[in-house]
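All remarks here apply to the structure that follows.
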Amino acid sequence: MKVDVLLGLQWGDEGKGKITDVLTPEYDIIARFQGGPNAGHTLEFNGMKHVLHTIPSGIFHPDKINVIGNGVIIDPRILAREIASLRERGAAPEKNLFISKRAHLILPTHRLIDNVFEASKGKAKIGSTLKGIGPAYTDKVARHGLRIGDISLKDFKERYDLLKSEHFRIINSYNPPEELLKVEGLAFEAYEKLWFEGLEYISDIRLIDSEIFINKSIQEGKRILAEGAQGTMLDIDFGTYPFVTSSSTISAGVCSGLGISPNNVGKVFGVFKAYCTRVGSGPFPTELLNETGDKLRENGKEFGSTTGRPRRCGWIDLPALHYAVMLNGVTDLVMMKADVMDDFENIGVCTKYRVGDVVYDFPGYETLNQDIEPIIKDIPGWKSPLNDYTVWDRLPEKFRHYVRFIEKSLNLPISVISVGPRRDQTIVRLV
């Protein structure tokens with residue numbers, strides 16, 4: 001049995017959480033393989049809305065195992081709040097949530113470093129979520145980070161204090177104002193106390209050697225879905241660097257983030273919105289800085305589920321999607337939030353880029369560092385609500401034309417179409 005992968009093809013916020021939740025009944029294990037609490041995966045069912053940051057999106061299915069893999073980084077305070085919220089809503093994560101012992105910890109000082117570094121950049125800010133993601137991954141690569149498996153060591157507190165003192169040497173070298181030495185509005189000491197309380201609160205969650213568990217499960221024929229965070233265009237190597245995240249968001253990251261070999265990767269579900277959004281700074285060729293962009297934001301409720309920041313909005317970008325499909329080896333496309341454009345007279349589609357006199361089919365290195373003119377093709381809108389449709393053949397013909405245009409451009413089927421935020425507002429065509 002292979003490990004199927006579900007990941008984002010744009011700049012994150014594509015709707016991966018909902019689709020993971022929808023597909024979970026087909027799997028035995030759902031495993032996150034990278035990222036941290038900068039993720040915000042939103043699920044809606046039974047009249048309730050749930051936002052997950054670190055925990056895999058299959059957690060509300062009590063008969064499914066959910067694994068936080070070694071490639072994920074964990075803030076115990078945030079994870080504890082997430083688990084508490086799950087318990088309030090009837091879930092029992094102590095029964096079906098496992099955490100890799102090799103997953104690295106985000107220390108309170110990582111968040112301070114993130115604040116200080118981002119503030120020091122001035123107008124060159126990258127748009128960090130200020131959750132300590134980059135500094136935590138930096139310590140991991142520099143080989144002096146702390147892992148969640150270390151909390152059982154007798155000298156854990158000594159290791160923590162040593163790393164904390166090193167961090168404060170870095171922080172103090174910037175002479176930061178007092179306001180930057182707070183986390184979530186709290187003085188450092190107050191947040192640090194909550195951080196250790198978080199560690200205690202999550203102590204009943206089972207820690208495992210996840211790479212052994214996952215590979216043994218593969219041998220036993222278990223069906224596994226690997227859930228990614230952020231999106232392909234935020235990948236540390238292949239995204240719009242330096243305006244990217246600090247981990248590998250593409251399908252190759254599954255191997256290092258869960259400890260599986262490449263020949264154990266099966267289907268790759270690539271999730272994308274029927275338009276584009278981005279949070280923070282960085283290139284965005286199809287961004288609409290006008291009433292149309294405002295309408296996309298309003299209709300789509302495009303505000304970050306983690307940060308609350310308004311998202312930048314624009315037309316769908318086929319060159320970037322084609323690039324993401326190539327990098328990930330996508331086998332099945334998943335289209336989200338087409339219903340946001342139900343009342344649009346015409347819908348723009350970026351088919352190529354122009355830089356000066358040169359036309360590009362892909363977002364290559366040069367296009368990310370120059371002014372890009374998107375070449376836009378207008379497609380008639382369907383001018384009809386999609387929310388209540390459950391069958392492909394009954395969808396408006398103009399909408400099906402839009403879907404076919406994208407399928408032909410990317411030479412891949414769109415296997416799943418979401419027509420609303422709820423579980424039941426999903427049309428599965430070919431999976």
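Note on naming: chains are A, B, ... as they come in the structure tokens, residues start from 1 per chain, ligands start from 1 in the order shown.
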>> What's around Pro413 (chain A) at 7 Å? Count only C-alpha atoms, leave out sequence neighbours fewer than 2 positions away in its own chain, and write the answer as an MDAnalysis selection string.
In response: chainID A and resid 332:333 407 415
>> So that I can check the secondary structure, give me every residue of region 162-223 of chain A assigned strand (DSSP E or B) by backbone DSSP, as a VMD selection string.
In response: chain A and resid 182 to 183 186 to 187 206 to 208
>> So that I can check the secondary structure, give me every residue of region 127-200 of chain A assigned alpha helix (DSSP H) by backbone DSSP, as JSON, numbers by chain.
In response: {"A": [133, 134, 135, 136, 137, 138, 139, 140, 141, 142, 156, 157, 158, 159, 160, 161, 162, 163, 164, 165, 166, 167, 168, 169, 170, 171, 172, 188, 189, 190, 191, 192, 193, 194, 195, 196, 197, 198, 199, 200]}
Store the residues of this selection in a file with N, CA and C atoms, as a CSV table (one decimal), in the first residue's frame.
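And here is the file that came out, selection03.csv:
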```csv
chain,number,residue,atom,x,y,z
A,133,ILE,N,8.3,30.0,13.6
A,133,ILE,CA,8.5,28.9,12.7
A,133,ILE,C,10.0,29.0,12.1
A,134,GLY,N,10.3,30.1,11.5
A,134,GLY,CA,11.7,30.2,10.9
A,134,GLY,C,12.8,29.9,11.9
A,135,PRO,N,12.8,30.6,13.1
A,135,PRO,CA,13.8,30.4,14.1
A,135,PRO,C,13.9,28.9,14.6
A,136,ALA,N,12.7,28.3,14.7
A,136,ALA,CA,12.7,26.9,15.2
A,136,ALA,C,13.3,26.0,14.1
A,137,TYR,N,13.0,26.2,12.8
A,137,TYR,CA,13.6,25.4,11.8
A,137,TYR,C,15.1,25.7,11.7
A,138,THR,N,15.5,27.0,11.9
A,138,THR,CA,16.9,27.3,11.9
A,138,THR,C,17.7,26.5,13.0
A,139,ASP,N,17.2,26.5,14.2
A,139,ASP,CA,17.8,25.7,15.2
A,139,ASP,C,17.9,24.2,14.9
A,140,LYS,N,16.8,23.7,14.2
A,140,LYS,CA,16.8,22.3,13.8
A,140,LYS,C,18.0,22.0,12.9
A,141,VAL,N,18.1,22.9,11.8
A,141,VAL,CA,19.2,22.7,10.9
A,141,VAL,C,20.6,22.9,11.5
A,142,ALA,N,20.6,23.9,12.4
A,142,ALA,CA,21.9,24.2,13.1
A,142,ALA,C,22.3,23.1,14.1
A,156,PHE,N,16.3,17.9,30.6
A,156,PHE,CA,15.6,18.7,29.6
A,156,PHE,C,15.6,20.2,30.0
A,157,LYS,N,15.3,20.5,31.3
A,157,LYS,CA,15.2,21.9,31.7
A,157,LYS,C,16.6,22.6,31.5
A,158,GLU,N,17.7,21.9,31.8
A,158,GLU,CA,19.0,22.5,31.6
A,158,GLU,C,19.2,22.8,30.1
A,159,ARG,N,18.8,21.8,29.3
A,159,ARG,CA,19.0,22.1,27.8
A,159,ARG,C,18.1,23.3,27.4
A,160,TYR,N,16.9,23.3,27.9
A,160,TYR,CA,16.0,24.4,27.6
A,160,TYR,C,16.7,25.8,28.0
A,161,ASP,N,17.1,25.8,29.2
A,161,ASP,CA,17.7,27.1,29.7
A,161,ASP,C,18.9,27.5,28.9
A,162,LEU,N,19.7,26.5,28.5
A,162,LEU,CA,20.9,26.8,27.7
A,162,LEU,C,20.5,27.5,26.4
A,163,LEU,N,19.6,26.8,25.7
A,163,LEU,CA,19.1,27.4,24.4
A,163,LEU,C,18.5,28.7,24.6
A,164,LYS,N,17.7,28.9,25.6
A,164,LYS,CA,17.0,30.1,25.9
A,164,LYS,C,18.1,31.2,26.1
A,165,SER,N,19.1,31.0,26.8
A,165,SER,CA,20.2,32.0,27.1
A,165,SER,C,20.9,32.4,25.8
A,166,GLU,N,21.1,31.4,24.9
A,166,GLU,CA,21.7,31.7,23.6
A,166,GLU,C,20.8,32.6,22.8
A,167,HIS,N,19.5,32.3,22.8
A,167,HIS,CA,18.5,33.1,22.1
A,167,HIS,C,18.5,34.5,22.6
A,168,PHE,N,18.5,34.7,23.9
A,168,PHE,CA,18.5,36.1,24.4
A,168,PHE,C,19.7,36.9,24.1
A,169,ARG,N,20.8,36.2,23.9
A,169,ARG,CA,22.0,36.9,23.4
A,169,ARG,C,21.8,37.5,22.0
A,170,ILE,N,21.1,36.7,21.2
A,170,ILE,CA,20.8,37.1,19.8
A,170,ILE,C,19.8,38.3,19.9
A,171,ILE,N,18.7,38.1,20.7
A,171,ILE,CA,17.7,39.1,20.8
A,171,ILE,C,18.2,40.4,21.3
A,172,ASN,N,19.0,40.4,22.4
A,172,ASN,CA,19.5,41.6,23.0
A,172,ASN,C,20.5,42.3,22.1
A,188,PHE,N,7.2,38.0,28.6
A,188,PHE,CA,7.9,36.7,28.3
A,188,PHE,C,7.7,35.7,29.4
A,189,GLU,N,7.9,36.1,30.7
A,189,GLU,CA,7.8,35.1,31.8
A,189,GLU,C,6.4,34.5,31.9
A,190,ALA,N,5.4,35.3,31.6
A,190,ALA,CA,4.0,34.8,31.7
A,190,ALA,C,3.8,33.8,30.6
A,191,TYR,N,4.2,34.1,29.4
A,191,TYR,CA,4.0,33.2,28.3
A,191,TYR,C,4.8,31.9,28.5
A,192,GLU,N,6.1,32.0,29.0
A,192,GLU,CA,6.9,30.9,29.3
A,192,GLU,C,6.2,29.9,30.3
A,193,LYS,N,5.5,30.5,31.3
A,193,LYS,CA,4.8,29.7,32.2
A,193,LYS,C,3.7,28.9,31.5
A,194,LEU,N,3.0,29.6,30.7
A,194,LEU,CA,1.9,28.9,29.9
A,194,LEU,C,2.5,27.8,29.0
A,195,TRP,N,3.7,28.1,28.4
A,195,TRP,CA,4.3,27.1,27.5
A,195,TRP,C,4.6,25.8,28.3
A,196,PHE,N,5.1,25.9,29.5
A,196,PHE,CA,5.4,24.7,30.3
A,196,PHE,C,4.1,24.0,30.7
A,197,GLU,N,3.1,24.8,31.0
A,197,GLU,CA,1.8,24.2,31.4
A,197,GLU,C,1.3,23.5,30.2
A,198,GLY,N,1.5,24.0,29.0
A,198,GLY,CA,1.1,23.3,27.7
A,198,GLY,C,1.8,22.0,27.6
A,199,LEU,N,3.1,21.9,27.9
A,199,LEU,CA,3.8,20.7,27.8
A,199,LEU,C,3.1,19.6,28.8
A,200,GLU,N,2.7,20.1,30.0
A,200,GLU,CA,2.1,19.2,30.9
A,200,GLU,C,0.7,18.8,30.4
```
> Of the candidates A:Ile19, A:Asp294, A:Ala324, A:Phe98, which one gets nearest to Asp424 (chain A) if we count only C-alpha atoms?
Replying inline: A:Ile19
>> Could you list, as a PyMOL selection string, every residue within 10 Å of Gly348 (chain A), counting only C-alpha atoms and ignoring same-chain residues fewer than 5 positions away?
In response: chain A and resi 275+286+314-317+375-381
Which residues come within 9 Å of Leu79 (chain A), counting only C-alpha atoms, excluding same-chain residues fewer than 2 positions away, as a short mmCIF file (atom, residue, chain, number, x, y, z; two decimals) with C-alpha atoms, in the first residue's frame?
```cif
data_model
loop_
_atom_site.label_atom_id
_atom_site.label_comp_id
_atom_site.auth_asym_id
_atom_site.auth_seq_id
_atom_site.Cartn_x
_atom_site.Cartn_y
_atom_site.Cartn_z
CA PRO A 37 1.08 26.37 13.91
CA HIS A 53 -3.16 24.50 13.36
CA THR A 54 -0.93 21.53 14.22
CA ILE A 55 -3.24 18.52 14.42
CA ILE A 74 5.25 22.17 17.75
CA ASP A 75 4.43 25.01 20.11
CA PRO A 76 3.10 23.20 23.22
CA ARG A 77 1.03 26.20 24.26
CA ARG A 81 -5.22 25.04 23.35
CA GLU A 82 -6.05 23.13 20.19
CA ILE A 83 -6.48 19.88 22.11
CA ALA A 84 -8.61 21.60 24.75
CA GLY A 198 1.09 23.34 27.74
CA LEU A 199 3.76 20.65 27.85
CA ILE A 202 -0.39 17.39 26.30
#
```
>> Can you measure CA of Ile406 (chain A) to CA of Gly270 (chain A) for me? One decimal in Å is fine.
In response: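 Here the two named atoms are 13.3 Å from each other.
Distance annotation: of A:Asp204, A:Glu227, A:Glu118, A:Asp235, the residue with the minimal separation from Tyr27 (chain A) is A:Glu227; atom set is only C-alpha atoms.
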>> Nearest residue to Thr109 (chain A) out of A:Gly132, A:Gly266, A:Gly122, A:Gly228, using only C-alpha atoms?
In response: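 Among A:Gly132, A:Gly266, A:Gly122, A:Gly228, it is A:Gly132 that comes nearest to Thr109 (chain A).
Distance annotation: of A:Ala229, A:Ala119, A:Leu112, A:Val358, the residue with the minimal separation from Leu9 (chain A) is A:Ala229; atom set is only C-alpha atoms.
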>> I'd like the interatomic distance between CA of Ser384 (chain A) and CA of Leu296 (chain A), to a tenth of an Å.
In response: 15.9 Å
>> Residues within 7 Å of Arg311 (chain A), please, as a ChimeraX atom specification. Count only C-alpha atoms; anything in the same chain fewer than 4 positions from it doesn't count.
In response: /A:277-279,302-304
Can you write out the residues you just picked, keeping N, CA and C atoms, as a PDB file, in the first residue's frame?
```pdb
ATOM      1  N   THR A 277      -5.053  33.514  -3.862  1.00  0.00           N
ATOM      2  CA  THR A 277      -4.864  34.412  -2.721  1.00  0.00           C
ATOM      3  C   THR A 277      -3.436  34.278  -2.217  1.00  0.00           C
ATOM      4  N   ARG A 278      -3.028  35.292  -1.487  1.00  0.00           N
ATOM      5  CA  ARG A 278      -1.717  35.241  -0.839  1.00  0.00           C
ATOM      6  C   ARG A 278      -1.764  36.121   0.403  1.00  0.00           C
ATOM      7  N   VAL A 279      -1.093  35.680   1.477  1.00  0.00           N
ATOM      8  CA  VAL A 279      -0.955  36.472   2.699  1.00  0.00           C
ATOM      9  C   VAL A 279       0.494  36.902   2.825  1.00  0.00           C
ATOM     10  N   GLU A 302     -11.893  36.086   2.767  1.00  0.00           N
ATOM     11  CA  GLU A 302     -10.456  35.828   2.675  1.00  0.00           C
ATOM     12  C   GLU A 302      -9.667  36.595   3.729  1.00  0.00           C
ATOM     13  N   PHE A 303      -9.706  36.037   4.921  1.00  0.00           N
ATOM     14  CA  PHE A 303      -8.918  36.547   6.040  1.00  0.00           C
ATOM     15  C   PHE A 303      -8.239  35.353   6.694  1.00  0.00           C
ATOM     16  N   GLY A 304      -6.962  35.481   7.019  1.00  0.00           N
ATOM     17  CA  GLY A 304      -6.175  34.347   7.504  1.00  0.00           C
ATOM     18  C   GLY A 304      -6.781  33.687   8.729  1.00  0.00           C
TER      19      GLY A 304
END
```
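In this model, the gap between CA of Glu345 (chain A) and CA of Gln10 (chain A) comes to 24.3 Å.
Distances to Lys2 (chain A) were evaluated for A:Lys267, A:Thr20, A:Leu52, A:Leu321 using only C-alpha atoms, and the minimum falls at A:Lys267.
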>> Let me make sure I understand: among A:Ser100, A:Thr240, A:Ser217, A:Thr245, which one has the smallest atom-to-atom distance to Gly36 (chain A) if we use only C-alpha atoms?
In response: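 The closest residue to Gly36 (chain A) is A:Thr245.
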>> Quick one: residues within 9 Å of Gly58 (chain A), only C-alpha atoms, excluding same-chain residues fewer than 2 positions away - as a ChimeraX atom specification?
In response: /A:17,20-25,29-31,55-56,60-62,64-66
Export C-alpha atoms of the chosen residues as a PDB file, in the first residue's frame?
```pdb
ATOM      1  CA  GLY A  17      -8.259  20.927   5.737  1.00  0.00           C
ATOM      2  CA  THR A  20      -8.542  16.013   4.112  1.00  0.00           C
ATOM      3  CA  ASP A  21     -11.626  15.747   6.317  1.00  0.00           C
ATOM      4  CA  VAL A  22     -13.760  14.685   3.322  1.00  0.00           C
ATOM      5  CA  LEU A  23     -11.261  12.028   2.189  1.00  0.00           C
ATOM      6  CA  THR A  24     -10.465  10.708   5.681  1.00  0.00           C
ATOM      7  CA  PRO A  25     -13.133   7.924   5.612  1.00  0.00           C
ATOM      8  CA  ILE A  29      -4.107   7.126   9.133  1.00  0.00           C
ATOM      9  CA  ILE A  30      -3.823  10.879   8.492  1.00  0.00           C
ATOM     10  CA  ALA A  31      -0.312  12.290   8.977  1.00  0.00           C
ATOM     11  CA  ILE A  55      -3.240  18.519  14.422  1.00  0.00           C
ATOM     12  CA  PRO A  56      -4.109  16.590  11.231  1.00  0.00           C
ATOM     13  CA  PHE A  60     -12.826  14.332  14.181  1.00  0.00           C
ATOM     14  CA  HIS A  61     -13.061  10.766  12.856  1.00  0.00           C
ATOM     15  CA  PRO A  62     -12.562   8.768  16.096  1.00  0.00           C
ATOM     16  CA  LYS A  64      -8.796   7.120  12.383  1.00  0.00           C
ATOM     17  CA  ILE A  65      -5.249   7.546  13.696  1.00  0.00           C
ATOM     18  CA  ASN A  66      -3.771  11.046  13.298  1.00  0.00           C
TER      19      ASN A  66
END
```
> Using only C-alpha atoms, which residues sit within 8 Å of Val355 (chain A) once same-chain residues fewer than 4 positions away are excluded, as a PyMOL selection string?
Replying inline: chain A and resi 359-360+367+370-373
